[in-house]
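Asker: Coordinates in data32.cif, mmCIF, C-alpha atoms and all ligand atoms, are listed below.
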data_coords
loop_
_atom_site.label_atom_id
_atom_site.label_comp_id
_atom_site.auth_asym_id
_atom_site.auth_seq_id
_atom_site.Cartn_x
_atom_site.Cartn_y
_atom_site.Cartn_z
CA MET A 224 18.67 15.76 -15.55
CA THR A 225 16.79 12.59 -14.51
CA ILE A 226 15.01 12.33 -11.18
CA ARG A 227 14.35 8.80 -9.90
CA VAL A 228 11.84 8.03 -7.13
CA PHE A 229 11.05 4.62 -5.66
CA ALA A 230 7.36 3.92 -4.84
CA PRO A 231 7.41 1.20 -2.15
CA ALA A 232 4.54 -1.19 -1.41
CA LYS A 233 2.41 -0.10 1.54
CA ILE A 234 1.49 -2.71 4.16
CA ASN A 235 -1.27 -2.21 6.75
CA LEU A 236 0.11 -4.28 9.64
CA THR A 237 -3.16 -3.44 11.41
CA LEU A 238 -6.33 -1.85 10.06
CA HIS A 239 -8.96 -1.03 12.67
CA VAL A 240 -12.15 0.54 11.32
CA THR A 241 -13.42 2.73 14.15
CA GLY A 242 -16.40 4.56 12.63
CA GLN A 243 -17.93 6.15 9.58
CA ARG A 244 -18.23 9.81 8.59
CA PRO A 245 -21.54 11.21 7.32
CA ASP A 246 -20.05 11.30 3.79
CA GLY A 247 -19.60 7.51 3.94
CA TYR A 248 -15.79 7.45 4.37
CA HIS A 249 -14.59 5.24 7.21
CA LEU A 250 -12.43 6.23 10.17
CA LEU A 251 -9.31 4.13 10.40
CA ASP A 252 -6.57 3.40 12.90
CA SER A 253 -3.74 1.65 11.08
CA LEU A 254 -0.08 0.84 11.60
CA VAL A 255 1.50 1.21 8.17
CA ILE A 256 4.94 0.13 7.03
CA PHE A 257 6.56 -0.01 3.59
CA ALA A 258 8.47 -2.79 1.84
CA ASP A 259 11.56 -2.52 -0.34
CA ALA A 260 9.51 -3.99 -3.20
CA GLY A 261 7.81 -1.40 -5.38
CA ASP A 262 7.43 0.62 -8.56
CA ARG A 263 10.12 2.89 -10.02
CA LEU A 264 9.42 6.30 -11.49
CA THR A 265 11.69 8.57 -13.53
CA PHE A 266 11.09 12.21 -14.38
CA ARG A 267 12.89 14.07 -17.18
CA PRO A 268 12.46 17.64 -18.42
CA ALA A 269 10.29 17.81 -21.57
CA ALA A 270 8.14 20.34 -23.43
CA ASP A 271 4.96 18.30 -22.87
CA LEU A 272 3.63 16.09 -20.09
CA SER A 273 3.75 12.37 -20.96
CA LEU A 274 3.52 9.06 -19.11
CA THR A 275 4.93 5.73 -20.28
CA VAL A 276 4.10 2.61 -18.24
CA THR A 277 6.56 -0.29 -18.48
CA GLY A 278 7.53 -3.32 -16.41
CA PRO A 279 6.17 -6.74 -15.45
CA ARG A 280 2.86 -5.40 -14.01
CA ALA A 281 2.15 -2.72 -16.66
CA GLU A 282 -0.76 -4.59 -18.22
CA GLY A 283 -4.13 -3.03 -17.40
CA VAL A 284 -2.67 0.05 -15.71
CA PRO A 285 -4.22 3.18 -17.27
CA THR A 286 -1.80 5.41 -19.20
CA ASP A 287 -4.21 8.33 -19.59
CA GLY A 288 -5.61 10.91 -17.15
CA ARG A 289 -7.03 8.11 -14.96
CA ASN A 290 -3.51 7.21 -13.84
CA LEU A 291 -2.85 8.62 -10.38
CA VAL A 292 0.58 9.82 -11.55
CA LEU A 293 -1.07 12.21 -14.03
CA LYS A 294 -3.70 13.17 -11.46
CA ALA A 295 -0.83 14.06 -9.11
CA ALA A 296 0.83 16.14 -11.87
CA ALA A 297 -2.42 18.08 -12.38
CA LEU A 298 -2.29 19.38 -8.79
CA PHE A 299 0.75 21.59 -9.52
CA GLU A 300 0.48 25.23 -10.64
CA GLY A 301 0.71 25.97 -14.37
CA GLU A 302 0.99 23.58 -17.28
CA GLN A 303 4.52 22.25 -17.32
CA GLY A 304 6.17 19.43 -19.23
CA ALA A 305 7.81 16.25 -18.00
CA ALA A 306 8.54 12.85 -19.53
CA ILE A 307 7.49 10.39 -16.82
CA THR A 308 8.19 6.67 -16.87
CA LEU A 309 6.40 4.35 -14.45
CA ASP A 310 8.10 0.95 -14.17
CA LYS A 311 5.31 -1.12 -12.66
CA HIS A 312 6.21 -4.04 -10.37
CA LEU A 313 3.30 -4.05 -7.90
CA PRO A 314 -0.09 -5.62 -8.68
CA ALA A 315 -2.88 -3.01 -8.96
CA ALA A 316 -6.02 -2.86 -6.80
CA ALA A 317 -4.26 -5.16 -4.37
CA GLY A 318 -4.37 -3.47 -0.95
CA ILE A 319 -0.70 -2.49 -1.07
CA GLY A 320 -1.30 1.03 -2.37
CA GLY A 321 0.47 0.67 -5.71
CA GLY A 322 -1.41 3.56 -7.28
CA SER A 323 -1.23 5.66 -4.10
CA SER A 324 2.50 5.11 -3.71
CA ASP A 325 3.00 6.04 -7.39
CA ALA A 326 0.98 9.22 -6.81
CA ALA A 327 3.10 10.13 -3.77
CA ALA A 328 6.31 9.42 -5.72
CA ALA A 329 5.04 11.61 -8.57
CA LEU A 330 4.34 14.47 -6.13
CA ARG A 331 7.91 14.23 -4.79
CA GLY A 332 9.53 13.81 -8.22
CA LEU A 333 7.63 16.63 -9.92
CA SER A 334 8.09 18.96 -6.94
CA ALA A 335 11.85 18.50 -7.42
CA LEU A 336 11.76 18.73 -11.23
CA TRP A 337 9.55 21.81 -11.34
CA HIS A 338 10.98 23.50 -8.22
CA GLN A 339 7.50 23.81 -6.75
CA PRO A 340 6.24 23.04 -3.23
CA LEU A 341 4.06 19.99 -2.67
CA PRO A 342 0.32 20.65 -3.15
CA ASP A 343 -1.62 21.40 0.05
CA PRO A 344 -2.72 18.46 2.25
CA ASP A 345 -6.38 18.57 1.15
CA ALA A 346 -5.35 18.35 -2.50
CA VAL A 347 -3.02 15.43 -1.70
CA LEU A 348 -5.85 13.63 0.13
CA SER A 349 -8.15 14.17 -2.87
CA LEU A 350 -5.89 11.76 -4.82
CA GLY A 351 -6.79 8.96 -2.40
CA ALA A 352 -6.97 8.25 1.32
CA ASP A 353 -3.65 6.37 1.20
CA VAL A 354 -1.63 9.08 -0.57
CA PRO A 355 -0.74 11.21 2.53
CA VAL A 356 0.85 8.23 4.31
CA CYS A 357 2.65 7.17 1.12
CA LEU A 358 4.43 10.57 1.14
CA HIS A 359 6.21 9.32 4.29
CA PRO A 360 7.40 5.82 3.44
CA ARG A 361 8.44 4.62 6.89
CA ALA A 362 6.56 3.16 9.89
CA MET A 363 3.54 5.43 10.43
CA ARG A 364 0.28 5.44 12.38
CA MET A 365 -2.59 6.53 10.12
CA ARG A 366 -5.94 7.75 11.47
CA GLY A 367 -8.96 9.77 10.36
CA VAL A 368 -9.84 8.69 6.85
CA GLY A 369 -6.10 8.66 6.07
CA GLU A 370 -5.17 12.33 6.56
CA ASP A 371 -4.06 12.10 10.19
CA ILE A 372 -0.57 10.61 10.08
CA LEU A 373 2.17 10.53 12.67
CA PRO A 374 5.46 8.64 12.99
CA GLY A 375 5.07 5.06 14.12
CA PRO A 376 7.35 2.97 16.33
CA VAL A 377 10.92 2.00 15.53
CA LEU A 378 10.88 -1.40 13.83
CA PRO A 379 13.07 -4.30 14.97
CA ASP A 380 16.56 -4.26 13.41
CA ARG A 381 15.88 -7.52 11.65
CA MET A 382 12.70 -8.82 10.06
CA GLY A 383 11.50 -10.39 6.82
CA ILE A 384 8.28 -9.78 4.93
CA LEU A 385 6.50 -12.00 2.44
CA LEU A 386 3.84 -10.53 0.14
CA VAL A 387 1.44 -12.84 -1.69
CA ASN A 388 -1.34 -11.78 -4.08
CA PRO A 389 -3.62 -14.38 -5.67
CA GLY A 390 -4.31 -12.30 -8.79
CA VAL A 391 -7.88 -11.46 -7.81
CA GLU A 392 -8.71 -7.74 -7.80
CA VAL A 393 -10.83 -6.76 -4.81
CA SER A 394 -12.79 -3.50 -5.00
CA THR A 395 -12.01 -1.26 -2.00
CA PRO A 396 -15.52 0.34 -1.87
CA ALA A 397 -17.12 -3.14 -2.11
CA VAL A 398 -15.08 -4.39 0.87
CA PHE A 399 -15.97 -1.36 3.01
CA LYS A 400 -19.63 -1.85 2.03
CA ALA A 401 -19.53 -5.52 3.07
CA LEU A 402 -18.14 -4.63 6.52
CA SER A 403 -20.85 -5.64 9.00
CA ARG A 404 -19.70 -3.53 11.97
CA LYS A 405 -18.33 -0.03 11.36
CA GLU A 406 -17.52 0.91 14.96
CA ASN A 407 -14.74 -1.24 16.31
CA PRO A 408 -12.13 -0.62 19.03
CA SER A 409 -9.16 1.56 18.09
CA MET A 410 -5.58 0.32 18.22
CA PRO A 411 -3.56 0.70 21.44
CA HIS A 412 -0.40 2.82 21.23
CA PRO A 413 2.18 0.73 19.33
CA PRO A 414 5.32 0.39 21.49
CA GLY A 415 8.78 -0.34 20.10
CA TRP A 416 9.77 -4.02 19.80
CA SER A 417 13.06 -5.80 20.44
CA SER A 418 12.49 -8.44 17.77
CA ALA A 419 10.17 -9.44 14.94
CA ALA A 420 8.75 -12.19 17.19
CA VAL A 421 7.81 -9.71 19.96
CA MET A 422 6.32 -7.40 17.36
CA ALA A 423 4.28 -10.23 15.79
CA HIS A 424 3.01 -11.19 19.25
CA TRP A 425 1.73 -7.62 19.75
CA LEU A 426 0.25 -7.48 16.25
CA ALA A 427 -1.58 -10.78 16.77
CA GLU A 428 -3.74 -8.99 19.38
CA GLN A 429 -4.72 -6.39 16.77
CA ARG A 430 -6.82 -6.79 13.62
CA ASN A 431 -7.50 -6.00 10.01
CA ASP A 432 -11.26 -5.38 10.20
CA LEU A 433 -11.49 -5.56 6.40
CA GLU A 434 -10.19 -9.14 6.30
CA PRO A 435 -13.53 -10.92 7.05
CA PRO A 436 -15.56 -8.99 4.43
CA ALA A 437 -12.75 -9.31 1.85
CA ARG A 438 -12.61 -13.07 2.49
CA ARG A 439 -16.34 -13.34 1.88
CA LEU A 440 -15.94 -11.52 -1.47
CA ALA A 441 -12.76 -13.40 -2.45
CA PRO A 442 -12.54 -16.78 -0.64
CA VAL A 443 -9.09 -17.42 -2.17
CA ILE A 444 -7.72 -15.01 0.47
CA ARG A 445 -8.20 -17.80 3.05
CA GLU A 446 -5.98 -20.07 0.90
CA VAL A 447 -3.32 -17.37 0.68
CA LEU A 448 -3.33 -16.86 4.46
CA ASP A 449 -3.14 -20.60 5.08
CA ALA A 450 -0.25 -20.99 2.63
CA ILE A 451 1.71 -18.18 4.30
CA ALA A 452 0.95 -19.40 7.84
CA ALA A 453 2.17 -22.91 6.94
CA THR A 454 5.67 -21.73 5.96
CA GLU A 455 8.52 -22.33 8.35
CA GLY A 456 9.25 -19.43 10.69
CA CYS A 457 6.06 -17.49 9.88
CA LEU A 458 5.31 -15.27 12.90
CA LEU A 459 2.06 -13.71 11.61
CA ALA A 460 -0.09 -13.97 8.46
CA ARG A 461 -2.62 -11.20 7.73
CA MET A 462 -4.25 -9.33 4.86
CA SER A 463 -3.13 -5.79 3.94
CA GLY A 464 -5.60 -2.96 3.26
CA SER A 465 -8.77 -4.10 1.51
CA GLY A 466 -6.90 -7.05 -0.02
CA ALA A 467 -6.34 -9.30 -1.65
CA THR A 468 -2.58 -9.15 -0.92
CA CYS A 469 -1.60 -10.88 2.33
CA PHE A 470 1.69 -10.63 4.19
CA GLY A 471 3.76 -12.90 6.37
CA LEU A 472 6.26 -11.69 8.96
CA TYR A 473 9.50 -13.57 9.67
CA ASP A 474 12.51 -13.14 11.86
CA SER A 475 14.76 -12.53 8.83
CA ARG A 476 14.62 -11.79 5.12
CA ALA A 477 16.28 -15.15 4.46
CA GLU A 478 13.29 -16.91 6.06
CA ALA A 479 10.86 -14.82 3.96
CA GLU A 480 12.83 -15.75 0.83
CA ALA A 481 12.72 -19.43 1.78
CA ALA A 482 8.93 -19.16 2.23
CA ALA A 483 8.65 -17.52 -1.21
CA ARG A 484 10.55 -20.45 -2.72
CA ILE A 485 7.95 -22.83 -1.24
CA ILE A 486 4.81 -20.89 -2.24
CA ALA A 487 5.77 -19.59 -5.72
CA PRO A 488 6.15 -22.95 -7.51
CA ALA A 489 3.00 -24.34 -5.83
CA ALA A 490 0.89 -21.39 -7.02
CA PRO A 491 2.39 -20.18 -10.33
CA HIS A 492 -0.34 -17.58 -10.92
CA TRP A 493 0.13 -15.87 -7.57
CA TRP A 494 2.46 -12.87 -7.14
CA VAL A 495 4.96 -13.84 -4.46
CA GLN A 496 7.59 -11.39 -3.23
CA ALA A 497 10.02 -11.49 -0.29
CA ALA A 498 11.05 -8.11 1.10
CA SER A 499 12.53 -6.13 3.98
CA PRO A 500 11.06 -2.98 5.54
CA TYR A 501 11.79 0.12 3.45
CA SER A 502 12.68 3.39 5.07
CA THR A 503 13.85 6.74 3.79
CA GLY A 504 15.72 7.02 7.10
C1 LIG B 1 -8.26 0.53 2.60
C2 LIG B 1 -6.92 1.24 2.49
C3 LIG B 1 -6.19 1.16 3.85
O1 LIG B 1 -4.90 1.73 3.80
O2 LIG B 1 -6.02 0.67 1.58
P1 LIG B 1 -6.11 -0.09 0.12
O3 LIG B 1 -6.90 -1.34 0.27
O4 LIG B 1 -6.74 0.86 -0.84
O5 LIG B 1 -4.68 -0.37 -0.25
C4 LIG B 1 -7.12 2.74 2.18
O6 LIG B 1 -7.82 3.40 3.21
C5 LIG B 1 -7.82 3.06 0.90
O7 LIG B 1 -7.14 4.14 0.33
P2 LIG B 1 -7.36 4.54 -1.22
O8 LIG B 1 -7.32 3.34 -2.08
O9 LIG B 1 -6.38 5.65 -1.50
O10 LIG B 1 -8.83 5.05 -1.12
P3 LIG B 1 -9.69 6.10 -1.97
O11 LIG B 1 -9.33 6.01 -3.41
O12 LIG B 1 -9.62 7.44 -1.30
O13 LIG B 1 -11.14 5.50 -1.70
C6 LIG B 1 -11.65 4.37 -2.36
C7 LIG B 1 -12.96 4.02 -1.71
O14 LIG B 1 -12.69 3.33 -0.47
C8 LIG B 1 -13.62 3.72 0.53
N1 LIG B 1 -12.89 4.33 1.67
C9 LIG B 1 -11.58 4.66 1.55
C10 LIG B 1 -10.89 5.16 2.61
C11 LIG B 1 -11.60 5.37 3.83
N2 LIG B 1 -10.97 5.87 4.91
N3 LIG B 1 -12.89 5.04 3.93
C12 LIG B 1 -13.55 4.51 2.87
O15 LIG B 1 -14.74 4.20 2.98
C13 LIG B 1 -14.61 4.66 -0.13
O16 LIG B 1 -15.69 3.86 -0.57
C14 LIG B 1 -13.83 5.18 -1.32
O17 LIG B 1 -14.68 5.54 -2.38
N1 LIG B 2 -0.28 4.23 -11.12
C1 LIG B 2 -1.24 3.33 -10.95
N2 LIG B 2 -0.94 2.05 -10.63
C2 LIG B 2 -1.92 1.14 -10.43
N3 LIG B 2 -3.22 1.40 -10.55
C3 LIG B 2 -3.58 2.66 -10.86
C4 LIG B 2 -2.62 3.66 -11.07
N4 LIG B 2 -3.26 4.81 -11.32
C5 LIG B 2 -4.58 4.54 -11.28
N5 LIG B 2 -4.79 3.26 -11.02
C6 LIG B 2 -6.12 2.63 -10.83
O1 LIG B 2 -6.33 2.61 -9.41
C7 LIG B 2 -6.96 1.41 -8.99
C8 LIG B 2 -6.46 1.04 -7.56
O2 LIG B 2 -5.09 0.72 -7.62
P1 LIG B 2 -4.10 0.61 -6.36
O3 LIG B 2 -3.81 1.94 -5.78
O4 LIG B 2 -2.93 -0.20 -6.83
O5 LIG B 2 -4.97 -0.27 -5.36
P2 LIG B 2 -5.22 -0.30 -3.80
O6 LIG B 2 -5.84 1.02 -3.44
O7 LIG B 2 -6.12 -1.49 -3.55
O8 LIG B 2 -3.91 -0.52 -3.12
C9 LIG B 2 -6.64 0.37 -10.07
O9 LIG B 2 -7.77 -0.39 -10.34
C10 LIG B 2 -6.20 1.19 -11.30
O10 LIG B 2 -7.12 1.13 -12.39
#
In structure tokens, what does this structure look like?
Ligand SMILES: C[C@@](CO)(OP(=O)(O)O)[C@H](O)COP(=O)(O)OP(=O)(O)OC[C@H]1O[C@@H](n2ccc(N)nc2=O)[C@H](O)[C@@H]1O
Ligand SMILES: Nc1ncnc2c1ncn2[C@@H]1O[C@H](COP(=O)(O)OP(=O)(O)O)[C@@H](O)[C@H]1O
Answerer:
Amino acid sequence: MTIRVFAPAKINLTLHVTGQRPDGYHLLDSLVIFADAGDRLTFRPAADLSLTVTGPRAEGVPTDGRNLVLKAAALFEGEQGAAITLDKHLPAAAGIGGGSSDAAAALRGLSALWHQPLPDPDAVLSLGADVPVCLHPRAMRMRGVGEDILPGPVLPDRMGILLVNPGVEVSTPAVFKALSRKENPSMPHPPGWSSAAVMAHWLAEQRNDLEPPARRLAPVIREVLDAIAATEGCLLARMSGSGATCFGLYDSRAEAEAAARIIAPAAPHWWVQAASPYSTG
């Protein structure tokens, strides 16, 4: 028996930082979607627990107990075996939740393999603020420090996404620390949208509050945003999470793919990926 779980890239279409808790964690209000670009995990029965990391973005990803996949496995009752393979396609520490999405995929895969319920919500949150939302890979509104999640709006039938990462790792705590103003307005209720253009118009009124501090720490983010914004048909260019990955929105996947064909050869060291929204339905 082999269980396969896809771990899609997370995109913060908006990221409003609305306050800070006494323990230092920030309060967020974020519209999150997922892309059909991501990592692939397989789970097979085995006497011992093991993790093998493969794929084009495997380099530098920990294979020991620091890997969020093994941290997720440790939340289940008892010591059980599984041979886990993580086929890594997403850049790490990139603001698109690669590790968090892997952790959520591991929770789902091991729950099925071991016939155990998912760990309780506090345990899931202890893996990372992004892990609860990654357990529900569809349009979601995320609040609190990441634990308060509810279904988001229905996305337009047709839209294209471009993801671009300049290969610079940005530390999430460092970006939060560099944020000058912690109390910013929350996001209005996201309505449904009839098209990607109408959606982008609404999103343009919203913000990623982590973009200015991330740009100060990694000025190349400005170049990435400019490159995306200059492509034909780009409706919105913004950074995701704490960066440095930025996204572009387009009316169709074909337009996102055309933009990727412009940017990739001009910046061979950047990770450039066209995608569509991912949804488990
Ligand atoms: C900023 C976001 C937005 O979706 O995305 P990424 O840039 O990581 O993709 C997330 O909140 C990140 O989630 P995640 O990466 O799981 O965070 P954690 O491991 O729990 O926390 C890393 C560090 O970020 C800071 N942190 C994180 C979440 C939060 N609500 N407030 C914070 O201040 C803390 O300094 C914490 O030590
Ligand atoms: N499965 C994993 N994939 C990627 N990084 C991981 C994984 N498990 C642990 N890590 C560690 O987590 C850190 C943050 O990775 P990631 O979740 O991809 O970033 P972000 O939170 O910015 O989206 C990395 O620096 C890496 O060392």
Asker: Given all atoms listed in the file, how would the per-residue table for chain A near ligand LIG 2 (chain B) read, listing every residue at most 8 Å away with its closest atom pair and distance in Å to one decimal, sorted by chain and number, as JSON lines?
Answerer:
{"residue": "A:Lys233", "atom": "CA", "partner": "B:LIG2", "partner_atom": "O8", "distance": 7.9}
{"residue": "A:Gly283", "atom": "CA", "partner": "B:LIG2", "partner_atom": "O10", "distance": 7.2}
{"residue": "A:Val284", "atom": "CA", "partner": "B:LIG2", "partner_atom": "N3", "distance": 5.4}
{"residue": "A:Pro285", "atom": "CA", "partner": "B:LIG2", "partner_atom": "O10", "distance": 6.0}
{"residue": "A:Arg289", "atom": "CA", "partner": "B:LIG2", "partner_atom": "C5", "distance": 5.7}
{"residue": "A:Asn290", "atom": "CA", "partner": "B:LIG2", "partner_atom": "N4", "distance": 3.5}
{"residue": "A:Leu291", "atom": "CA", "partner": "B:LIG2", "partner_atom": "N4", "distance": 3.9}
{"residue": "A:Val292", "atom": "CA", "partner": "B:LIG2", "partner_atom": "N1", "distance": 5.7}
{"residue": "A:Leu309", "atom": "CA", "partner": "B:LIG2", "partner_atom": "N1", "distance": 7.5}
{"residue": "A:Lys311", "atom": "CA", "partner": "B:LIG2", "partner_atom": "N2", "distance": 7.3}
{"residue": "A:Leu313", "atom": "CA", "partner": "B:LIG2", "partner_atom": "O4", "distance": 7.4}
{"residue": "A:Pro314", "atom": "CA", "partner": "B:LIG2", "partner_atom": "O4", "distance": 6.4}
{"residue": "A:Ala315", "atom": "CA", "partner": "B:LIG2", "partner_atom": "O4", "distance": 3.5}
{"residue": "A:Ala316", "atom": "CA", "partner": "B:LIG2", "partner_atom": "O5", "distance": 3.1}
{"residue": "A:Ala317", "atom": "CA", "partner": "B:LIG2", "partner_atom": "O7", "distance": 4.2}
{"residue": "A:Gly318", "atom": "CA", "partner": "B:LIG2", "partner_atom": "O8", "distance": 3.7}
{"residue": "A:Ile319", "atom": "CA", "partner": "B:LIG2", "partner_atom": "O8", "distance": 4.3}
{"residue": "A:Gly320", "atom": "CA", "partner": "B:LIG2", "partner_atom": "O8", "distance": 3.1}
{"residue": "A:Gly321", "atom": "CA", "partner": "B:LIG2", "partner_atom": "O4", "distance": 3.7}
{"residue": "A:Gly322", "atom": "CA", "partner": "B:LIG2", "partner_atom": "O3", "distance": 3.3}
{"residue": "A:Ser323", "atom": "CA", "partner": "B:LIG2", "partner_atom": "O3", "distance": 4.8}
{"residue": "A:Ser324", "atom": "CA", "partner": "B:LIG2", "partner_atom": "O3", "distance": 7.4}
{"residue": "A:Asp325", "atom": "CA", "partner": "B:LIG2", "partner_atom": "N1", "distance": 5.3}
{"residue": "A:Ala326", "atom": "CA", "partner": "B:LIG2", "partner_atom": "N1", "distance": 6.7}
{"residue": "A:Asp353", "atom": "CA", "partner": "B:LIG2", "partner_atom": "O6", "distance": 7.4}
{"residue": "A:Glu392", "atom": "CA", "partner": "B:LIG2", "partner_atom": "O9", "distance": 7.8}
{"residue": "A:Val393", "atom": "CA", "partner": "B:LIG2", "partner_atom": "O7", "distance": 7.2}
{"residue": "A:Ser394", "atom": "CA", "partner": "B:LIG2", "partner_atom": "O7", "distance": 7.1}
{"residue": "A:Thr395", "atom": "CA", "partner": "B:LIG2", "partner_atom": "O7", "distance": 6.1}
{"residue": "A:Gly464", "atom": "CA", "partner": "B:LIG2", "partner_atom": "O7", "distance": 7.0}
{"residue": "A:Ser465", "atom": "CA", "partner": "B:LIG2", "partner_atom": "O7", "distance": 6.3}
{"residue": "A:Gly466", "atom": "CA", "partner": "B:LIG2", "partner_atom": "O7", "distance": 6.6}
Asker: Calculate how many Å separate CA of Asp380 (chain A) from CA of Met422 (chain A), rounding to one decimal.
Answerer: 11.4 Å
Asker: List as a ChimeraX atom specification the protein and nucleic acid residues near region 245-250 of chain A, meaning an atom at most 10 Å away when all atoms listed in the file are counted, but skip any in the same chain fewer than 6 places from it.
Answerer: /A:239,352,365-369,396,399-400,405-407,409
Asker: Find, counting only C-alpha atoms, the residue in A:Leu254, A:Val443, A:Ala230, A:Ala281 that gets nearest to Leu330 (chain A).
Answerer: A:Ala230
Asker: How many Å lie between CA of Pro374 (chain A) and CA of Ala362 (chain A), rounded to one decimal?
Answerer: 6.4 Å
Asker: Closest to ligand LIG 1 (chain B) among A:Gly242, A:Gly261, A:Gly375, A:Gly301, using all atoms listed in the file?
Answerer: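 Under the stated criterion, the closest residue is A:Gly242.
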Asker: Looking at A:Leu272, A:Cys357, A:Val421, A:Ala329, which one is nearest to ligand LIG 1 (chain B), with distances taken over all atoms listed in the file?
Answerer: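 Under the stated criterion, the closest residue is A:Cys357.
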